[in-house]
Every structure is written in structure tokens, then in C-alpha cells.
$ cat entry_21.pdb   # PDB, C-alpha atoms
ATOM      1  CA  MET A   1     -20.179  -7.501  22.160
ATOM      2  CA  LEU A   2     -19.130  -3.997  21.114
ATOM      3  CA  LYS A   3     -20.775  -2.411  24.150
ATOM      4  CA  GLY A   4     -18.689  -4.696  26.343
ATOM      5  CA  LEU A   5     -15.576  -3.257  24.694
ATOM      6  CA  GLY A   6     -16.891   0.273  25.090
ATOM      7  CA  ILE A   7     -16.975   1.231  21.403
ATOM      8  CA  SER A   8     -19.841   2.058  19.098
ATOM      9  CA  ALA A   9     -20.683   0.279  15.853
ATOM     10  CA  GLY A  10     -19.544   3.260  13.779
ATOM     11  CA  THR A  11     -16.161   3.315  15.470
ATOM     12  CA  PHE A  12     -15.779  -0.413  14.909
ATOM     13  CA  ILE A  13     -16.642  -0.134  11.210
ATOM     14  CA  PHE A  14     -14.204   2.770  10.759
ATOM     15  CA  CYS A  15     -11.411   0.849  12.498
ATOM     16  CA  ALA A  16     -12.111  -2.317  10.502
ATOM     17  CA  ILE A  17     -12.026  -0.465   7.168
ATOM     18  CA  SER A  18      -8.855   1.396   8.158
ATOM     19  CA  LEU A  19      -7.183  -1.830   9.234
ATOM     20  CA  TYR A  20      -8.158  -3.483   5.932
ATOM     21  CA  PHE A  21      -6.480  -0.766   3.862
ATOM     22  CA  ILE A  22      -3.369  -0.678   6.057
ATOM     23  CA  ILE A  23      -2.900  -4.434   5.751
ATOM     24  CA  LYS A  24      -3.604  -4.303   2.005
ATOM     25  CA  TRP A  25      -0.972  -1.570   1.554
ATOM     26  CA  ALA A  26       1.601  -3.454   3.639
ATOM     27  CA  VAL A  27       1.110  -6.747   1.791
ATOM     28  CA  ARG A  28       1.257  -5.018  -1.596
ATOM     29  CA  ASN A  29       4.505  -3.245  -0.722
ATOM     30  CA  GLY A  30       5.988  -6.429   0.730
ATOM     31  CA  ILE A  31       5.239  -8.421  -2.406
ATOM     32  CA  SER A  32       6.653  -5.641  -4.579
ATOM     33  CA  GLU A  33       9.851  -5.472  -2.531
ATOM     34  CA  ALA A  34      10.262  -9.256  -2.560
ATOM     35  CA  TYR A  35       9.783  -9.343  -6.340
ATOM     36  CA  THR A  36      12.460  -6.695  -6.797
ATOM     37  CA  ARG A  37      14.895  -8.513  -4.518
ATOM     38  CA  ILE A  38      14.319 -11.928  -6.100
ATOM     39  CA  THR A  39      14.341 -10.972  -9.772
ATOM     40  CA  GLY A  40      16.393  -7.789  -9.674
ATOM     41  CA  LYS A  41      13.821  -6.176 -11.971
ATOM     42  CA  LYS A  42      11.788  -3.121 -11.161
ATOM     43  CA  THR A  43       8.018  -3.285 -11.010
ATOM     44  CA  SER A  44       5.825  -1.311 -13.389
ATOM     45  CA  GLU A  45       4.867   1.038 -10.545
ATOM     46  CA  GLU A  46       8.523   1.806  -9.830
ATOM     47  CA  LEU A  47       9.154   2.493 -13.515
ATOM     48  CA  GLU A  48       6.167   4.863 -13.671
ATOM     49  CA  ALA A  49       7.375   6.687 -10.562
ATOM     50  CA  GLU A  50      10.842   7.125 -12.095
ATOM     51  CA  LYS A  51       9.314   8.521 -15.297
ATOM     52  CA  MET A  52       7.296  11.032 -13.276
ATOM     53  CA  VAL A  53      10.380  12.134 -11.329
ATOM     54  CA  ASP A  54      12.425  12.443 -14.512
ATOM     55  CA  SER A  55       9.738  14.515 -16.232
ATOM     56  CA  ALA A  56       9.429  16.761 -13.159
ATOM     57  CA  ASN A  57      13.202  17.309 -13.088
ATOM     58  CA  GLN A  58      13.251  18.267 -16.765
ATOM     59  CA  ASP A  59      10.796  21.132 -16.218
TER
END
$ encode --input "entry_21.pdb" --output "C-alpha cells"
Amino acid sequence: MLKGLGISAGTFIFCAISLYFIIKWAVRNGISEAYTRITGKKTSEELEAEKMVDSANQD
């Protein structure tokens, strides 16, 4: 099947793994954004990021 498409097995595995992580990242960010819009609260990741920015600005 892969030879018919003109790609090797290694290329297919690399593309499949890359696609998995891209979709995972997109779904995670989408859920986080929807949570923020629905509840008006910030997620724990957003709070941690703000703390890091604040501590960097203090230095």
C-alpha cells in the first residue's frame, strides 16, 4: 500500500507520529480556550505562565 503511494515505511511512521502530536496539541488548546470562554476562569497552565512572566519581569 505504501509503495503505491510512493513513500517508505519510515516516512509514513514519522508523518503519523507528527500528525498525532499536532492533533493532540490542537485539541488540548481548543478545550482550554473553550473552558476559558465558558467559565471565564483561567486554566492552571495560564496561571503558571503568568507567574513565570511576572517573575521574569521582576528580575
$ atom_distance --input "entry_21.pdb" --atom1 "atom CA of A:Glu45" --atom2 "atom CA of A:Ser32"
9.1 Å
$ axis_aligned_box --input "entry_21.pdb" --around "stretch 46-56 of chain A" --padding-each-side "3 Å" --output "AutoDock Vina command-line options"
--center_x 9.3 --center_y 9.3 --center_z -13.0 --size_x 12.3 --size_y 21.0 --size_z 12.4
$ atom_distance --input "entry_21.pdb" --atom1 "atom CA of A:Ala26" --atom2 "atom CA of A:Ala9"
25.7 Å
$ residues_around --input "entry_21.pdb" --residues "A:Thr43" --least-positions-apart "6" --cutoff "12 Å" --atoms "all atoms listed in the file" --output "ChimeraX atom specification"
/A:28-29,31-37,49-50
$ write_last_selection --input "entry_21.pdb" --atoms "C-alpha atoms" --output "mmCIF file, keeping the file's coordinate frame"
data_model
loop_
_atom_site.group_PDB
_atom_site.id
_atom_site.type_symbol
_atom_site.label_atom_id
_atom_site.label_comp_id
_atom_site.auth_asym_id
_atom_site.auth_seq_id
_atom_site.Cartn_x
_atom_site.Cartn_y
_atom_site.Cartn_z
ATOM 1 C CA ARG A 28 1.257 -5.018 -1.596
ATOM 2 C CA ASN A 29 4.505 -3.245 -0.722
ATOM 3 C CA ILE A 31 5.239 -8.421 -2.406
ATOM 4 C CA SER A 32 6.653 -5.641 -4.579
ATOM 5 C CA GLU A 33 9.851 -5.472 -2.531
ATOM 6 C CA ALA A 34 10.262 -9.256 -2.560
ATOM 7 C CA TYR A 35 9.783 -9.343 -6.340
ATOM 8 C CA THR A 36 12.460 -6.695 -6.797
ATOM 9 C CA ARG A 37 14.895 -8.513 -4.518
ATOM 10 C CA ALA A 49 7.375 6.687 -10.562
ATOM 11 C CA GLU A 50 10.842 7.125 -12.095
#
$ atom_distance --input "entry_21.pdb" --atom1 "atom CA of A:Thr39" --atom2 "atom CA of A:Lys24"
22.5 Å
$ decode --input "entry_21.pdb" --residues "stretch 4-51 of chain A" --atoms "N, CA and C atoms" --output "PDB file, in the first residue's frame"
ATOM      1  N   GLY A   4       2.582   1.959  -3.300  1.00  0.00           N
ATOM      2  CA  GLY A   4       1.672   2.539  -4.283  1.00  0.00           C
ATOM      3  C   GLY A   4       1.570   4.047  -4.129  1.00  0.00           C
ATOM      4  N   LEU A   5       1.736   4.534  -2.901  1.00  0.00           N
ATOM      5  CA  LEU A   5       1.711   5.975  -2.646  1.00  0.00           C
ATOM      6  C   LEU A   5       3.068   6.618  -2.887  1.00  0.00           C
ATOM      7  N   GLY A   6       4.103   5.803  -2.962  1.00  0.00           N
ATOM      8  CA  GLY A   6       5.438   6.310  -3.234  1.00  0.00           C
ATOM      9  C   GLY A   6       6.178   6.798  -1.996  1.00  0.00           C
ATOM     10  N   ILE A   7       5.809   6.277  -0.816  1.00  0.00           N
ATOM     11  CA  ILE A   7       6.525   6.661   0.401  1.00  0.00           C
ATOM     12  C   ILE A   7       7.031   5.408   1.101  1.00  0.00           C
ATOM     13  N   SER A   8       8.070   5.586   1.890  1.00  0.00           N
ATOM     14  CA  SER A   8       8.621   4.440   2.610  1.00  0.00           C
ATOM     15  C   SER A   8       7.917   4.303   3.960  1.00  0.00           C
ATOM     16  N   ALA A   9       8.172   3.184   4.620  1.00  0.00           N
ATOM     17  CA  ALA A   9       7.547   2.925   5.920  1.00  0.00           C
ATOM     18  C   ALA A   9       8.030   3.924   6.970  1.00  0.00           C
ATOM     19  N   GLY A  10       9.308   4.278   6.916  1.00  0.00           N
ATOM     20  CA  GLY A  10       9.847   5.246   7.871  1.00  0.00           C
ATOM     21  C   GLY A  10       9.205   6.610   7.734  1.00  0.00           C
ATOM     22  N   THR A  11       9.005   7.030   6.489  1.00  0.00           N
ATOM     23  CA  THR A  11       8.352   8.315   6.243  1.00  0.00           C
ATOM     24  C   THR A  11       6.916   8.283   6.750  1.00  0.00           C
ATOM     25  N   PHE A  12       6.235   7.189   6.527  1.00  0.00           N
ATOM     26  CA  PHE A  12       4.857   7.054   6.987  1.00  0.00           C
ATOM     27  C   PHE A  12       4.780   7.113   8.508  1.00  0.00           C
ATOM     28  N   ILE A  13       5.675   6.415   9.184  1.00  0.00           N
ATOM     29  CA  ILE A  13       5.669   6.410  10.652  1.00  0.00           C
ATOM     30  C   ILE A  13       5.951   7.812  11.184  1.00  0.00           C
ATOM     31  N   PHE A  14       6.937   8.500  10.588  1.00  0.00           N
ATOM     32  CA  PHE A  14       7.257   9.864  11.010  1.00  0.00           C
ATOM     33  C   PHE A  14       6.057  10.789  10.824  1.00  0.00           C
ATOM     34  N   CYS A  15       5.399  10.700   9.680  1.00  0.00           N
ATOM     35  CA  CYS A  15       4.234  11.548   9.417  1.00  0.00           C
ATOM     36  C   CYS A  15       3.082  11.223  10.357  1.00  0.00           C
ATOM     37  N   ALA A  16       2.865   9.950  10.650  1.00  0.00           N
ATOM     38  CA  ALA A  16       1.786   9.558  11.547  1.00  0.00           C
ATOM     39  C   ALA A  16       2.029  10.073  12.966  1.00  0.00           C
ATOM     40  N   ILE A  17       3.260   9.962  13.441  1.00  0.00           N
ATOM     41  CA  ILE A  17       3.586  10.446  14.790  1.00  0.00           C
ATOM     42  C   ILE A  17       3.463  11.972  14.842  1.00  0.00           C
ATOM     43  N   SER A  18       3.952  12.649  13.822  1.00  0.00           N
ATOM     44  CA  SER A  18       3.845  14.106  13.772  1.00  0.00           C
ATOM     45  C   SER A  18       2.386  14.543  13.763  1.00  0.00           C
ATOM     46  N   LEU A  19       1.582  13.892  12.966  1.00  0.00           N
ATOM     47  CA  LEU A  19       0.164  14.218  12.882  1.00  0.00           C
ATOM     48  C   LEU A  19      -0.529  13.984  14.218  1.00  0.00           C
ATOM     49  N   TYR A  20      -0.166  12.928  14.928  1.00  0.00           N
ATOM     50  CA  TYR A  20      -0.737  12.638  16.239  1.00  0.00           C
ATOM     51  C   TYR A  20      -0.483  13.795  17.207  1.00  0.00           C
ATOM     52  N   PHE A  21       0.760  14.263  17.271  1.00  0.00           N
ATOM     53  CA  PHE A  21       1.092  15.332  18.210  1.00  0.00           C
ATOM     54  C   PHE A  21       0.465  16.666  17.812  1.00  0.00           C
ATOM     55  N   ILE A  22       0.356  16.934  16.520  1.00  0.00           N
ATOM     56  CA  ILE A  22      -0.281  18.168  16.071  1.00  0.00           C
ATOM     57  C   ILE A  22      -1.756  18.171  16.442  1.00  0.00           C
ATOM     58  N   ILE A  23      -2.437  17.058  16.222  1.00  0.00           N
ATOM     59  CA  ILE A  23      -3.851  16.972  16.563  1.00  0.00           C
ATOM     60  C   ILE A  23      -4.032  17.042  18.078  1.00  0.00           C
ATOM     61  N   LYS A  24      -3.166  16.374  18.822  1.00  0.00           N
ATOM     62  CA  LYS A  24      -3.239  16.407  20.285  1.00  0.00           C
ATOM     63  C   LYS A  24      -3.091  17.842  20.796  1.00  0.00           C
ATOM     64  N   TRP A  25      -2.130  18.578  20.250  1.00  0.00           N
ATOM     65  CA  TRP A  25      -1.889  19.962  20.655  1.00  0.00           C
ATOM     66  C   TRP A  25      -3.100  20.835  20.324  1.00  0.00           C
ATOM     67  N   ALA A  26      -3.669  20.651  19.137  1.00  0.00           N
ATOM     68  CA  ALA A  26      -4.802  21.462  18.710  1.00  0.00           C
ATOM     69  C   ALA A  26      -6.033  21.198  19.567  1.00  0.00           C
ATOM     70  N   VAL A  27      -6.303  19.946  19.874  1.00  0.00           N
ATOM     71  CA  VAL A  27      -7.462  19.606  20.702  1.00  0.00           C
ATOM     72  C   VAL A  27      -7.269  20.146  22.110  1.00  0.00           C
ATOM     73  N   ARG A  28      -6.084  20.006  22.650  1.00  0.00           N
ATOM     74  CA  ARG A  28      -5.796  20.497  24.006  1.00  0.00           C
ATOM     75  C   ARG A  28      -5.987  22.010  24.098  1.00  0.00           C
ATOM     76  N   ASN A  29      -5.476  22.739  23.112  1.00  0.00           N
ATOM     77  CA  ASN A  29      -5.644  24.188  23.109  1.00  0.00           C
ATOM     78  C   ASN A  29      -7.099  24.590  22.897  1.00  0.00           C
ATOM     79  N   GLY A  30      -7.812  23.861  22.077  1.00  0.00           N
ATOM     80  CA  GLY A  30      -9.224  24.147  21.838  1.00  0.00           C
ATOM     81  C   GLY A  30     -10.057  23.958  23.088  1.00  0.00           C
ATOM     82  N   ILE A  31      -9.808  22.885  23.809  1.00  0.00           N
ATOM     83  CA  ILE A  31     -10.537  22.624  25.050  1.00  0.00           C
ATOM     84  C   ILE A  31     -10.212  23.693  26.080  1.00  0.00           C
ATOM     85  N   SER A  32      -8.947  24.071  26.170  1.00  0.00           N
ATOM     86  CA  SER A  32      -8.532  25.107  27.115  1.00  0.00           C
ATOM     87  C   SER A  32      -9.202  26.438  26.798  1.00  0.00           C
ATOM     88  N   GLU A  33      -9.237  26.797  25.530  1.00  0.00           N
ATOM     89  CA  GLU A  33      -9.862  28.057  25.121  1.00  0.00           C
ATOM     90  C   GLU A  33     -11.366  28.029  25.377  1.00  0.00           C
ATOM     91  N   ALA A  34     -12.015  26.908  25.096  1.00  0.00           N
ATOM     92  CA  ALA A  34     -13.447  26.795  25.338  1.00  0.00           C
ATOM     93  C   ALA A  34     -13.752  26.890  26.828  1.00  0.00           C
ATOM     94  N   TYR A  35     -12.934  26.271  27.656  1.00  0.00           N
ATOM     95  CA  TYR A  35     -13.127  26.340  29.107  1.00  0.00           C
ATOM     96  C   TYR A  35     -13.038  27.783  29.591  1.00  0.00           C
ATOM     97  N   THR A  36     -12.046  28.504  29.084  1.00  0.00           N
ATOM     98  CA  THR A  36     -11.872  29.899  29.488  1.00  0.00           C
ATOM     99  C   THR A  36     -13.061  30.747  29.041  1.00  0.00           C
ATOM    100  N   ARG A  37     -13.537  30.522  27.840  1.00  0.00           N
ATOM    101  CA  ARG A  37     -14.675  31.303  27.343  1.00  0.00           C
ATOM    102  C   ARG A  37     -15.965  30.978  28.090  1.00  0.00           C
ATOM    103  N   ILE A  38     -16.179  29.719  28.419  1.00  0.00           N
ATOM    104  CA  ILE A  38     -17.423  29.315  29.075  1.00  0.00           C
ATOM    105  C   ILE A  38     -17.449  29.753  30.532  1.00  0.00           C
ATOM    106  N   THR A  39     -16.381  29.489  31.259  1.00  0.00           N
ATOM    107  CA  THR A  39     -16.385  29.762  32.697  1.00  0.00           C
ATOM    108  C   THR A  39     -15.843  31.145  33.049  1.00  0.00           C
ATOM    109  N   GLY A  40     -15.033  31.709  32.185  1.00  0.00           N
ATOM    110  CA  GLY A  40     -14.407  32.986  32.486  1.00  0.00           C
ATOM    111  C   GLY A  40     -13.208  32.854  33.409  1.00  0.00           C
ATOM    112  N   LYS A  41     -12.879  31.626  33.793  1.00  0.00           N
ATOM    113  CA  LYS A  41     -11.728  31.369  34.657  1.00  0.00           C
ATOM    114  C   LYS A  41     -10.527  31.004  33.805  1.00  0.00           C
ATOM    115  N   LYS A  42      -9.363  31.240  34.352  1.00  0.00           N
ATOM    116  CA  LYS A  42      -8.141  30.850  33.664  1.00  0.00           C
ATOM    117  C   LYS A  42      -7.750  29.439  34.075  1.00  0.00           C
ATOM    118  N   THR A  43      -7.128  28.733  33.154  1.00  0.00           N
ATOM    119  CA  THR A  43      -6.671  27.378  33.451  1.00  0.00           C
ATOM    120  C   THR A  43      -5.395  27.433  34.274  1.00  0.00           C
ATOM    121  N   SER A  44      -5.038  26.314  34.870  1.00  0.00           N
ATOM    122  CA  SER A  44      -3.826  26.260  35.693  1.00  0.00           C
ATOM    123  C   SER A  44      -2.584  26.539  34.853  1.00  0.00           C
ATOM    124  N   GLU A  45      -2.580  26.133  33.598  1.00  0.00           N
ATOM    125  CA  GLU A  45      -1.442  26.399  32.723  1.00  0.00           C
ATOM    126  C   GLU A  45      -1.299  27.893  32.454  1.00  0.00           C
ATOM    127  N   GLU A  46      -2.417  28.586  32.265  1.00  0.00           N
ATOM    128  CA  GLU A  46      -2.362  30.026  32.041  1.00  0.00           C
ATOM    129  C   GLU A  46      -1.857  30.743  33.285  1.00  0.00           C
ATOM    130  N   LEU A  47      -2.284  30.294  34.454  1.00  0.00           N
ATOM    131  CA  LEU A  47      -1.828  30.905  35.700  1.00  0.00           C
ATOM    132  C   LEU A  47      -0.328  30.699  35.895  1.00  0.00           C
ATOM    133  N   GLU A  48       0.167  29.507  35.585  1.00  0.00           N
ATOM    134  CA  GLU A  48       1.602  29.234  35.688  1.00  0.00           C
ATOM    135  C   GLU A  48       2.397  30.106  34.721  1.00  0.00           C
ATOM    136  N   ALA A  49       1.876  30.270  33.512  1.00  0.00           N
ATOM    137  CA  ALA A  49       2.568  31.099  32.519  1.00  0.00           C
ATOM    138  C   ALA A  49       2.629  32.555  32.991  1.00  0.00           C
ATOM    139  N   GLU A  50       1.548  33.048  33.583  1.00  0.00           N
ATOM    140  CA  GLU A  50       1.545  34.421  34.094  1.00  0.00           C
ATOM    141  C   GLU A  50       2.547  34.593  35.229  1.00  0.00           C
ATOM    142  N   LYS A  51       2.646  33.581  36.099  1.00  0.00           N
ATOM    143  CA  LYS A  51       3.624  33.656  37.197  1.00  0.00           C
ATOM    144  C   LYS A  51       5.046  33.715  36.647  1.00  0.00           C
TER     145      LYS A  51
END
